>>> print(open('structure14.cif').read())   # mmCIF, C-alpha atoms and all ligand atoms
data_structure
#
loop_
_atom_site.label_atom_id
_atom_site.label_comp_id
_atom_site.auth_asym_id
_atom_site.auth_seq_id
_atom_site.Cartn_x
_atom_site.Cartn_y
_atom_site.Cartn_z
CA MET E 1 193.83 191.55 204.96
CA THR E 2 194.68 194.00 207.76
CA HIS E 3 193.07 193.29 211.13
CA ASP E 4 191.25 196.48 212.04
CA SER E 5 190.62 196.54 215.80
CA LEU E 6 188.87 199.92 215.57
CA LEU E 7 185.95 198.30 213.74
CA THR E 8 184.82 196.93 217.12
CA TYR E 9 183.42 200.45 217.70
CA ARG E 10 181.37 200.42 214.50
CA ASP E 11 178.19 199.09 216.15
CA ARG E 12 178.10 202.13 218.41
CA PHE E 13 177.30 204.32 215.36
CA PRO E 14 173.95 203.20 213.90
CA ILE E 15 174.15 205.20 210.66
CA THR E 16 176.97 202.87 209.54
CA GLN E 17 174.38 200.06 209.32
CA ARG E 18 172.32 202.04 206.81
CA SER E 19 174.81 204.14 204.86
CA ASN E 20 178.33 204.29 203.62
CA TYR E 21 178.96 207.29 205.84
CA LEU E 22 182.12 209.06 204.67
CA ILE E 23 181.52 212.68 205.60
CA ASN E 24 182.99 212.71 209.08
CA ASN E 25 184.89 215.97 208.48
CA SER E 26 181.53 217.71 208.19
CA LEU E 27 179.25 215.93 210.66
CA GLY E 28 180.54 212.88 212.52
CA ALA E 29 178.16 209.95 212.97
CA MET E 30 175.83 210.01 215.97
CA PRO E 31 176.82 207.57 218.72
CA LYS E 32 173.90 205.32 219.75
CA ALA E 33 174.49 206.46 223.35
CA ALA E 34 173.70 210.09 222.42
CA ARG E 35 170.01 209.22 222.12
CA GLN E 36 169.89 207.93 225.73
CA SER E 37 171.86 210.91 226.86
CA VAL E 38 169.43 213.43 225.32
CA LEU E 39 166.50 211.43 226.71
CA ARG E 40 168.14 211.70 230.12
CA PHE E 41 168.19 215.47 229.72
CA LEU E 42 164.48 215.48 228.91
CA ASP E 43 163.69 213.21 231.86
CA GLU E 44 165.64 215.44 234.23
CA TRP E 45 163.92 218.56 232.93
CA ASP E 46 160.57 216.82 233.24
CA THR E 47 161.02 215.28 236.68
CA ARG E 48 163.47 217.58 238.48
CA GLY E 49 162.66 220.93 236.92
CA VAL E 50 164.91 223.75 238.07
CA ARG E 51 166.68 221.48 240.57
CA ALA E 52 168.38 219.79 237.59
CA TRP E 53 170.86 222.68 237.46
CA GLY E 54 172.26 221.70 240.85
CA ASP E 55 171.91 217.95 240.17
CA GLY E 56 174.39 218.17 237.31
CA TRP E 57 173.40 220.50 234.47
CA TRP E 58 175.61 223.37 235.58
CA ALA E 59 178.69 221.15 236.02
CA LEU E 60 178.22 219.50 232.63
CA GLN E 61 179.84 222.23 230.56
CA GLU E 62 183.07 221.98 232.55
CA GLN E 63 183.00 218.20 232.34
CA LEU E 64 182.72 218.26 228.56
CA ALA E 65 185.29 221.07 228.30
CA ASP E 66 187.74 218.94 230.32
CA GLN E 67 187.18 215.95 228.00
CA ILE E 68 187.92 218.22 225.05
CA ALA E 69 191.04 219.48 226.85
CA ILE E 70 192.31 215.88 226.79
CA VAL E 71 191.88 215.81 222.99
CA LEU E 72 193.74 219.14 222.72
CA GLY E 73 196.54 218.05 225.04
CA ALA E 74 195.57 221.03 227.19
CA ALA E 75 195.30 221.52 230.95
CA LYS E 76 192.07 220.87 232.82
CA GLY E 77 190.09 224.08 233.23
CA SER E 78 191.58 225.78 230.16
CA VAL E 79 188.61 225.26 227.79
CA SER E 80 185.18 226.93 227.58
CA MET E 81 182.16 225.80 225.52
CA HIS E 82 180.40 227.94 222.87
CA GLN E 83 177.64 227.68 220.29
CA ASN E 84 179.93 227.88 217.24
CA ILE E 85 183.30 229.09 215.99
CA ALA E 86 181.98 232.56 215.17
CA VAL E 87 181.08 233.02 218.84
CA ALA E 88 184.42 231.61 220.05
CA GLN E 89 186.33 233.91 217.67
CA GLU E 90 184.25 236.89 218.73
CA MET E 91 185.09 236.08 222.34
CA ILE E 92 188.82 236.36 221.58
CA LEU E 93 188.36 239.48 219.47
CA SER E 94 186.46 241.13 222.30
CA CYS E 95 189.67 241.01 224.38
CA PHE E 96 191.48 243.38 222.00
CA ARG E 97 191.20 246.94 220.72
CA PHE E 98 192.04 247.97 217.19
CA ASP E 99 192.44 251.72 217.65
CA GLY E 100 196.18 251.68 218.52
CA PRO E 101 199.29 251.27 216.35
CA ARG E 102 199.29 247.49 216.89
CA ASN E 103 196.19 246.70 214.91
CA LYS E 104 197.08 244.29 212.11
CA VAL E 105 195.28 241.00 211.65
CA VAL E 106 197.20 238.42 209.64
CA TYR E 107 195.06 235.60 208.26
CA ALA E 108 195.07 233.01 205.51
CA ASP E 109 193.19 233.35 202.27
CA ARG E 110 192.08 229.71 202.59
CA ASN E 111 190.64 230.00 206.13
CA PHE E 112 187.03 228.92 206.69
CA PRO E 113 184.64 231.92 206.30
CA SER E 114 183.88 232.16 210.04
CA ASP E 115 187.64 232.74 210.50
CA GLN E 116 187.62 235.37 207.78
CA TYR E 117 184.41 237.41 207.89
CA ILE E 118 184.58 238.09 211.61
CA TYR E 119 188.11 239.55 211.31
CA GLU E 120 187.29 241.50 208.18
CA ALA E 121 184.29 243.02 210.00
CA ARG E 122 186.82 244.48 212.48
CA ALA E 123 188.20 246.71 209.71
CA ALA E 124 185.34 249.08 210.51
CA HIS E 125 186.80 249.31 214.04
CA GLY E 126 190.37 250.04 212.93
CA ALA E 127 191.83 246.62 212.14
CA ARG E 128 194.34 246.58 209.28
CA LEU E 129 193.89 243.36 207.34
CA VAL E 130 196.80 241.34 205.97
CA ARG E 131 195.37 238.48 203.93
CA VAL E 132 198.02 235.94 202.93
CA PRO E 133 197.35 234.09 199.66
CA ALA E 134 197.42 230.31 199.26
CA ALA E 135 200.77 228.61 198.59
CA SER E 136 201.89 228.13 194.99
CA ASP E 137 200.23 224.66 194.79
CA GLY E 138 196.88 226.44 195.22
CA ILE E 139 195.70 224.08 197.99
CA SER E 140 198.00 224.68 200.97
CA THR E 141 198.80 227.55 203.29
CA ASP E 142 202.52 228.07 203.74
CA GLY E 143 203.43 228.62 207.41
CA GLU E 144 206.62 230.48 206.40
CA GLN E 145 204.59 232.85 204.21
CA ILE E 146 202.20 233.60 207.09
CA ALA E 147 205.19 234.10 209.41
CA ALA E 148 206.75 236.56 206.94
CA ALA E 149 203.63 238.74 207.18
CA ILE E 150 203.91 239.15 210.98
CA ASP E 151 205.60 242.29 212.33
CA ASP E 152 205.60 244.58 215.40
CA GLN E 153 202.19 245.96 214.44
CA THR E 154 200.55 242.56 214.25
CA LEU E 155 197.93 242.11 216.94
CA ILE E 156 196.34 238.78 215.94
CA VAL E 157 197.21 235.91 213.62
CA ALA E 158 194.19 233.75 212.72
CA ILE E 159 194.93 230.46 211.05
CA ASP E 160 193.15 227.17 210.30
CA HIS E 161 195.23 224.13 211.25
CA VAL E 162 193.82 221.91 208.47
CA MET E 163 192.41 223.60 205.37
CA PHE E 164 188.70 222.80 205.03
CA ARG E 165 188.82 222.44 201.25
CA SER E 166 192.02 220.52 200.60
CA SER E 167 192.80 218.94 204.00
CA ALA E 168 196.32 220.43 203.87
CA ILE E 169 197.94 220.71 207.33
CA VAL E 170 199.57 224.07 208.02
CA ASP E 171 203.03 224.11 209.60
CA ILE E 172 202.30 226.19 212.69
CA ALA E 173 205.84 226.26 214.14
CA PRO E 174 207.26 229.18 212.09
CA ILE E 175 204.06 231.19 212.69
CA VAL E 176 204.21 230.76 216.47
CA GLN E 177 207.93 231.49 216.58
CA LYS E 178 207.58 234.76 214.64
CA ALA E 179 204.40 235.80 216.48
CA ARG E 180 205.97 235.27 219.90
CA LYS E 181 209.05 237.25 218.82
CA HIS E 182 206.85 240.21 217.80
CA GLY E 183 204.23 239.96 220.55
CA ALA E 184 201.33 238.88 218.30
CA PHE E 185 198.50 236.62 219.53
CA VAL E 186 197.92 233.40 217.53
CA VAL E 187 194.41 231.89 217.28
CA LEU E 188 194.37 228.41 215.75
CA ASP E 189 191.18 226.79 214.40
CA VAL E 190 191.44 223.01 214.88
CA PHE E 191 187.95 222.12 213.67
CA HIS E 192 189.41 219.85 210.99
CA SER E 193 192.12 218.34 213.18
CA ALA E 194 190.57 217.78 216.64
CA GLY E 195 189.77 214.07 216.89
CA ILE E 196 191.66 212.99 213.75
CA VAL E 197 195.15 214.54 214.07
CA PRO E 198 196.85 214.29 217.49
CA LEU E 199 197.12 217.72 219.12
CA ASP E 200 199.35 219.03 221.87
CA ALA E 201 198.37 222.56 222.86
CA LYS E 202 201.60 223.04 224.79
CA ALA E 203 203.83 221.94 221.91
CA LEU E 204 201.84 224.01 219.39
CA GLY E 205 202.49 227.04 221.60
CA VAL E 206 199.56 229.05 220.23
CA HIS E 207 197.74 231.55 222.46
CA ALA E 208 194.22 230.32 221.75
CA ILE E 209 192.53 227.40 220.01
CA VAL E 210 188.99 227.28 218.65
CA GLY E 211 187.27 224.15 217.37
CA GLY E 212 184.11 222.11 217.46
CA ALA E 213 182.87 218.66 218.39
CA LEU E 214 180.47 218.09 215.50
CA LYS E 215 182.99 216.80 213.00
CA TRP E 216 185.63 214.23 213.99
CA LEU E 217 184.58 214.27 217.67
CA CYS E 218 181.07 212.98 216.82
CA GLY E 219 179.52 215.43 219.27
CA GLY E 220 176.79 217.03 217.14
CA PRO E 221 176.00 220.72 216.61
CA GLY E 222 176.21 223.33 219.38
CA ASN E 223 179.42 222.10 221.00
CA CYS E 224 182.25 224.37 219.93
CA PHE E 225 185.09 225.29 222.24
CA LEU E 226 187.75 227.83 223.06
CA TYR E 227 191.08 227.07 224.71
CA VAL E 228 193.20 229.93 226.02
CA HIS E 229 196.81 229.33 227.04
CA PRO E 230 196.89 229.50 230.87
CA GLU E 231 199.64 232.16 230.71
CA GLU E 232 197.35 234.47 228.71
CA VAL E 233 194.17 234.11 230.72
CA GLN E 234 194.86 236.73 233.38
CA ARG E 235 195.69 239.54 230.96
CA LEU E 236 192.54 239.06 228.86
CA GLN E 237 189.31 240.80 229.81
CA PRO E 238 186.65 239.89 227.26
CA SER E 239 184.07 242.60 226.64
CA PHE E 240 181.80 239.87 225.25
CA THR E 241 180.89 238.37 228.63
CA GLY E 242 178.11 237.28 230.94
CA TRP E 243 177.30 236.05 234.40
CA ALA E 244 178.70 232.55 233.79
CA ALA E 245 182.20 234.08 233.54
CA HIS E 246 181.96 235.47 237.07
CA LYS E 247 183.92 233.83 239.91
CA GLN E 248 180.69 233.42 241.87
CA PRO E 249 177.86 233.43 239.35
CA PHE E 250 175.24 232.47 241.89
CA ALA E 251 176.06 235.51 244.04
CA PHE E 252 174.44 237.54 241.21
CA SER E 253 176.64 240.43 242.34
CA PRO E 254 175.57 243.94 241.34
CA ALA E 255 179.19 245.05 241.91
CA GLY E 256 180.07 244.06 238.37
CA GLN E 257 182.13 241.41 236.63
CA ASP E 258 184.81 239.56 238.59
CA TYR E 259 186.27 237.26 235.97
CA ARG E 260 187.16 233.67 236.76
CA ASP E 261 190.86 232.85 236.70
CA ASP E 262 190.59 229.82 234.41
CA GLY E 263 189.09 229.05 231.00
CA GLY E 264 185.64 229.73 232.45
CA ARG E 265 186.57 233.43 232.19
CA PHE E 266 185.52 233.14 228.53
CA ALA E 267 182.05 231.76 229.24
CA THR E 268 178.99 233.91 228.54
CA GLY E 269 175.56 233.06 229.91
CA THR E 270 173.37 230.02 230.51
CA PRO E 271 174.95 226.88 228.97
CA ASN E 272 173.36 224.96 226.09
CA VAL E 273 172.42 221.89 228.14
CA PRO E 274 170.75 219.76 225.39
CA ALA E 275 173.80 220.22 223.16
CA LEU E 276 176.11 219.19 226.01
CA TYR E 277 174.07 216.04 226.56
CA SER E 278 174.09 215.16 222.88
CA GLY E 279 177.81 215.87 222.58
CA LYS E 280 179.39 214.14 225.54
CA GLU E 281 179.12 210.54 224.30
CA GLY E 282 180.97 211.18 221.03
CA VAL E 283 183.80 213.06 222.71
CA ALA E 284 184.11 210.34 225.39
CA THR E 285 184.36 207.70 222.66
CA ILE E 286 187.16 209.57 220.87
CA VAL E 287 189.05 209.88 224.17
CA GLU E 288 188.49 206.14 224.77
CA VAL E 289 189.71 205.12 221.29
CA GLY E 290 192.63 207.58 221.29
CA VAL E 291 193.47 210.03 218.52
CA ALA E 292 196.85 208.37 217.78
CA ALA E 293 195.13 205.11 216.79
CA ILE E 294 192.48 207.03 214.83
CA ARG E 295 195.18 208.96 212.95
CA ALA E 296 197.08 205.76 212.05
CA LYS E 297 193.95 204.24 210.51
CA SER E 298 192.98 207.51 208.81
CA GLN E 299 196.39 207.80 207.15
CA ARG E 300 196.13 204.23 205.88
CA GLN E 301 192.60 204.71 204.54
CA THR E 302 193.18 208.11 202.92
CA LYS E 303 196.29 206.67 201.22
CA LEU E 304 194.17 203.79 199.92
CA LEU E 305 191.52 206.27 198.79
CA ILE E 306 194.08 208.34 196.89
CA GLU E 307 195.60 205.28 195.20
CA LEU E 308 192.16 204.03 194.12
CA ALA E 309 191.11 207.49 192.91
CA GLN E 310 194.31 207.87 190.90
CA SER E 311 193.73 204.44 189.28
CA ALA E 312 190.17 205.54 188.46
CA GLY E 313 191.48 208.72 186.78
CA LEU E 314 190.05 211.13 189.38
CA ALA E 315 191.90 214.37 190.15
CA ILE E 316 193.12 214.76 193.75
CA LYS E 317 193.00 218.21 195.36
CA SER E 318 194.68 217.23 198.65
CA PRO E 319 198.34 216.77 199.61
CA LEU E 320 199.66 213.38 198.48
CA ASP E 321 202.10 213.32 201.39
CA GLY E 322 200.23 211.70 204.31
CA ALA E 323 202.14 213.72 206.90
CA ARG E 324 200.80 216.95 205.35
CA ARG E 325 197.21 215.70 204.99
CA GLY E 326 194.35 215.80 207.54
CA GLY E 327 191.48 213.32 207.56
CA HIS E 328 189.69 213.98 204.30
CA VAL E 329 190.57 213.80 200.63
CA ALA E 330 189.18 216.21 198.04
CA LEU E 331 188.40 214.67 194.65
CA ASP E 332 187.96 217.30 191.97
CA VAL E 333 185.44 215.64 189.64
CA PRO E 334 183.37 217.46 187.00
CA ASN E 335 179.79 218.32 188.09
CA GLY E 336 180.78 217.56 191.66
CA TYR E 337 177.53 218.68 193.32
CA ALA E 338 175.41 216.47 191.03
CA VAL E 339 177.79 213.53 191.53
CA CYS E 340 177.49 214.05 195.29
CA GLN E 341 173.68 213.87 194.99
CA SER E 342 173.86 210.72 192.87
CA LEU E 343 176.05 209.07 195.52
CA SER E 344 173.60 210.12 198.23
CA ALA E 345 170.81 208.38 196.28
CA ARG E 346 172.90 205.20 196.67
CA GLU E 347 173.36 205.84 200.42
CA ILE E 348 176.97 206.89 199.99
CA VAL E 349 177.35 210.11 201.95
CA VAL E 350 180.09 212.61 201.06
CA ASP E 351 179.86 216.36 200.39
CA PHE E 352 180.79 218.91 197.77
CA ARG E 353 182.57 222.22 198.28
CA PRO E 354 183.28 224.74 195.51
CA ASP E 355 186.98 224.91 194.64
CA ALA E 356 187.56 221.58 196.41
CA GLY E 357 185.25 219.01 194.83
CA LEU E 358 183.93 215.96 196.62
CA ARG E 359 185.24 215.67 200.17
CA VAL E 360 185.58 212.06 201.31
CA ALA E 361 186.33 211.56 205.00
CA PRO E 362 186.51 208.05 206.49
CA HIS E 363 186.64 207.73 210.30
CA PHE E 364 187.67 204.95 212.67
CA TYR E 365 184.36 203.08 212.18
CA ASN E 366 184.58 202.89 208.38
CA THR E 367 185.69 199.74 206.55
CA ASP E 368 188.19 199.55 203.71
CA ASP E 369 185.36 198.13 201.57
CA GLU E 370 183.49 201.39 202.02
CA VAL E 371 186.51 203.30 200.73
CA VAL E 372 186.68 201.00 197.70
CA ALA E 373 182.91 201.42 197.14
CA VAL E 374 182.93 205.22 197.11
CA VAL E 375 185.61 205.45 194.42
CA ARG E 376 183.88 202.77 192.34
CA SER E 377 180.55 204.61 192.63
CA ILE E 378 182.01 207.99 191.66
CA ARG E 379 183.54 206.42 188.56
CA GLU E 380 180.22 204.69 187.75
CA SER E 381 178.22 207.86 188.26
CA LEU E 382 180.51 209.74 185.87
CA ASP E 383 180.70 206.96 183.25
CA SER E 384 176.97 206.15 183.24
CA ARG E 385 176.09 209.89 183.49
CA ASP E 386 173.79 209.01 186.38
CA TYR E 387 174.72 212.38 187.91
CA GLU E 388 172.85 214.16 185.09
CA ARG E 389 169.58 213.41 186.91
CA PHE E 390 170.73 215.84 189.59
CA LEU E 391 172.16 218.65 187.48
CA SER E 392 169.13 220.89 187.84
CA GLN E 393 168.79 220.39 191.62
CA ALA E 394 169.17 223.51 193.72
CA LYS E 395 171.97 223.32 196.26
CA LYS E 396 170.85 222.27 199.73
CA PRO E 397 172.71 222.88 203.01
CA GLY E 398 175.09 220.12 204.05
C1 LIG E 401 187.81 225.33 209.88
C2 LIG E 401 186.37 225.59 210.19
N1 LIG E 401 186.06 226.52 211.10
C3 LIG E 401 184.78 226.79 211.41
C4 LIG E 401 183.74 226.10 210.82
C5 LIG E 401 182.32 226.38 211.19
O1 LIG E 401 182.16 227.66 211.73
P1 LIG E 401 180.91 227.99 212.68
O2 LIG E 401 181.08 227.13 213.88
O3 LIG E 401 181.01 229.42 212.96
O4 LIG E 401 179.70 227.59 211.93
C6 LIG E 401 184.02 225.09 209.89
C7 LIG E 401 182.91 224.35 209.27
O5 LIG E 401 183.04 223.49 208.49
C8 LIG E 401 185.37 224.86 209.56
O6 LIG E 401 185.68 223.96 208.64
#
>>> encode(input="structure14.cif", output="structure tokens", more="lines below")
Ligand SMILES: Cc1ncc(COP(=O)(O)O)c(C=O)c1O
Amino acid sequence: MTHDSLLTYRDRFPITQRSNYLINNSLGAMPKAARQSVLRFLDEWDTRGVRAWGDGWWALQEQLADQIAIVLGAAKGSVSMHQNIAVAQEMILSCFRFDGPRNKVVYADRNFPSDQYIYEARAAHGARLVRVPAASDGISTDGEQIAAAIDDQTLIVAIDHVMFRSSAIVDIAPIVQKARKHGAFVVLDVFHSAGIVPLDAKALGVHAIVGGALKWLCGGPGNCFLYVHPEEVQRLQPSFTGWAAHKQPFAFSPAGQDYRDDGGRFATGTPNVPALYSGKEGVATIVEVGVAAIRAKSQRQTKLLIELAQSAGLAIKSPLDGARRGGHVALDVPNGYAVCQSLSAREIVVDFRPDAGLRVAPHFYNTDDEVVAVVRSIRESLDSRDYERFLSQAKKPG
């Protein structure tokens, strides 16, 4: 039996005492400390009122952004916080115009919808869309294929680092190389890699990174982020802006915007303080544990999961090569949504996505027994037809 030192963190995540919680690529478990942290916010609001801004509320967004910068392997001061990816993407888009000859957007067919719809909506403003289909295996995005679509008229390349359906990791190197040669701007969505796959913003060489803390970073909703390469910051002037992006926000200058010189240039208005309080404990824990150790365990457990699923006759819709796989495994079972519901009734929490199947995503606090149990329960649900109880249920969010 392997000694698993990361299980010493398990007690910090109360849901693991009640459930077999295996959906960490969708919503990471809440750290126990987040409750105290949110209560602290309420106490400060209650007792200090408006003075809480100066006591620490205003500084909190930069503190969390700097913790996230550690996860991204990025410089201090290069990250800003946002409500969600759609907002972070819009922030980047607002730095560009689409009415000139360089107006192509190259993006992957398998991107998450927030990284698709927002770019497609720019077609009405002149963007020419170049949508690159999935690789021939139907589950991956081929970095070389994306690179081949980039030319001198390409303005932006928008790409997800880890595919949300299949967990396939995209090879970013050829994309960045070609984009830099042709002067295109690369935006990488690391939502499915931040906190589970080690990242090094400098080595990746992309111009901007968007991501969120609610999945593998265990930071809850409302804590998404935007990194902009320090060499790009000065030339970008977002038209989506607000007073928090000003060099001296508390001067409330009527003279107009004077953008900050760091990542704070991409801030908007008043920060989402309750979200920051609920998010900081999870991110701090990931930094404490270290993504390299988390990745090593994740690769071992997803390999185990795949071996067990194959023995149980379940179809795998994720790369079998661990180096090309992120933190979750997609199991393409028949009647996947109903099977997902039948597992939930047994306190085994996974999710279902069309064209992917059941997504199973162990994190550093999960045991190997839990991985064994989920595969056994899927097989049982299918064999006993327990899932049929849920066939008529309308789909719920989650
Ligand atoms: C790759 C990726 N990007 C973005 C999102 C979410 O987008 P938003 O923050 O706009 O809700 C998800 C959600 O699962 C995702 O998988």
>>> closest_residue(input="structure14.cif", among="E:Pro174, E:Pro319, E:Gly220, E:Gly326", to="Asp137 of chain E", atoms="only C-alpha atoms")
E:Pro319
>>> residues_near_ligand(input="structure14.cif", ligand="ligand LIG 401 (chain E)", cutoff="7 Å", atoms="all atoms listed in the file", output="list in words")
Ser26, Asn84, Ile85, Ala86, Val87, Asn111, Phe112, Ser114, Asp115, Asp160, Met163, Phe164, Asp189, Val190, Phe191, His192, Gly211, Gly212 and Cys224 of chain E
>>> closest_residue(input="structure14.cif", among="E:Val273, E:Ile146, E:Gly327, E:Leu236", to="Trp45 of chain E", atoms="only C-alpha atoms")
E:Val273
>>> closest_residue(input="structure14.cif", among="E:Leu199, E:Ala296, E:Val339, E:Leu308", to="Ser5 of chain E", atoms="all atoms listed in the file")
E:Ala296
>>> atom_distance(input="structure14.cif", atom1="atom CA of Thr241 of chain E", atom2="atom CA of Pro221 of chain E")
21.9 Å
>>> atom_distance(input="structure14.cif", atom1="atom CA of Ala148 of chain E", atom2="atom CA of Pro238 of chain E")
28.8 Å
>>> build_atoms(input="structure14.cif", residues="segment 330-357 of chain E", atoms="N, CA and C atoms", output="compact mmCIF listing (two decimals), in the frame of the given file")
# COMPACT_ATOMS: atom_id res chain seq x y z
N ALA E 330 190.05 215.51 198.99
CA ALA E 330 189.18 216.21 198.04
C ALA E 330 189.42 215.65 196.64
N LEU E 331 188.32 215.24 196.01
CA LEU E 331 188.40 214.67 194.65
C LEU E 331 187.70 215.65 193.71
N ASP E 332 188.48 216.21 192.81
CA ASP E 332 187.96 217.30 191.97
C ASP E 332 187.34 216.73 190.69
N VAL E 333 186.11 216.24 190.81
CA VAL E 333 185.44 215.64 189.64
C VAL E 333 184.54 216.67 188.96
N PRO E 334 184.30 216.53 187.66
CA PRO E 334 183.37 217.46 187.00
C PRO E 334 181.95 217.29 187.55
N ASN E 335 181.18 218.35 187.58
CA ASN E 335 179.79 218.32 188.09
C ASN E 335 179.71 217.71 189.50
N GLY E 336 180.63 218.16 190.34
CA GLY E 336 180.78 217.56 191.66
C GLY E 336 179.51 217.55 192.50
N TYR E 337 178.74 218.65 192.47
CA TYR E 337 177.53 218.68 193.32
C TYR E 337 176.53 217.61 192.88
N ALA E 338 176.36 217.47 191.54
CA ALA E 338 175.41 216.47 191.03
C ALA E 338 175.92 215.06 191.31
N VAL E 339 177.22 214.86 191.22
CA VAL E 339 177.79 213.53 191.53
C VAL E 339 177.54 213.21 193.01
N CYS E 340 177.72 214.21 193.85
CA CYS E 340 177.49 214.05 195.29
C CYS E 340 176.03 213.61 195.55
N GLN E 341 175.10 214.23 194.82
CA GLN E 341 173.68 213.87 194.99
C GLN E 341 173.44 212.44 194.49
N SER E 342 174.10 212.07 193.40
CA SER E 342 173.86 210.72 192.87
C SER E 342 174.44 209.67 193.82
N LEU E 343 175.51 210.00 194.52
CA LEU E 343 176.05 209.07 195.52
C LEU E 343 175.08 208.96 196.70
N SER E 344 174.53 210.11 197.11
CA SER E 344 173.60 210.12 198.23
C SER E 344 172.39 209.22 197.94
N ALA E 345 171.95 209.23 196.67
CA ALA E 345 170.81 208.38 196.28
C ALA E 345 171.16 206.90 196.43
N ARG E 346 172.45 206.59 196.44
CA ARG E 346 172.90 205.20 196.67
C ARG E 346 173.34 204.99 198.11
N GLU E 347 172.97 205.91 198.99
CA GLU E 347 173.36 205.84 200.42
C GLU E 347 174.86 205.88 200.63
N ILE E 348 175.55 206.62 199.76
CA ILE E 348 176.97 206.89 199.99
C ILE E 348 177.06 208.38 200.29
N VAL E 349 177.47 208.72 201.51
CA VAL E 349 177.35 210.11 201.95
C VAL E 349 178.73 210.79 202.00
N VAL E 350 178.91 211.75 201.07
CA VAL E 350 180.09 212.61 201.06
C VAL E 350 179.56 214.04 200.90
N ASP E 351 180.41 215.05 200.72
CA ASP E 351 179.86 216.36 200.39
C ASP E 351 180.64 217.00 199.27
N PHE E 352 180.15 218.17 198.87
CA PHE E 352 180.79 218.91 197.77
C PHE E 352 181.06 220.32 198.26
N ARG E 353 182.25 220.83 197.98
CA ARG E 353 182.57 222.22 198.28
C ARG E 353 183.19 222.86 197.04
N PRO E 354 182.70 224.06 196.67
CA PRO E 354 183.28 224.74 195.51
C PRO E 354 184.79 224.90 195.70
N ASP E 355 185.52 224.75 194.62
CA ASP E 355 186.98 224.91 194.64
C ASP E 355 187.69 223.80 195.43
N ALA E 356 186.95 222.75 195.75
CA ALA E 356 187.56 221.58 196.41
C ALA E 356 187.13 220.32 195.67
N GLY E 357 185.81 220.20 195.46
CA GLY E 357 185.25 219.01 194.83
C GLY E 357 184.55 218.17 195.87
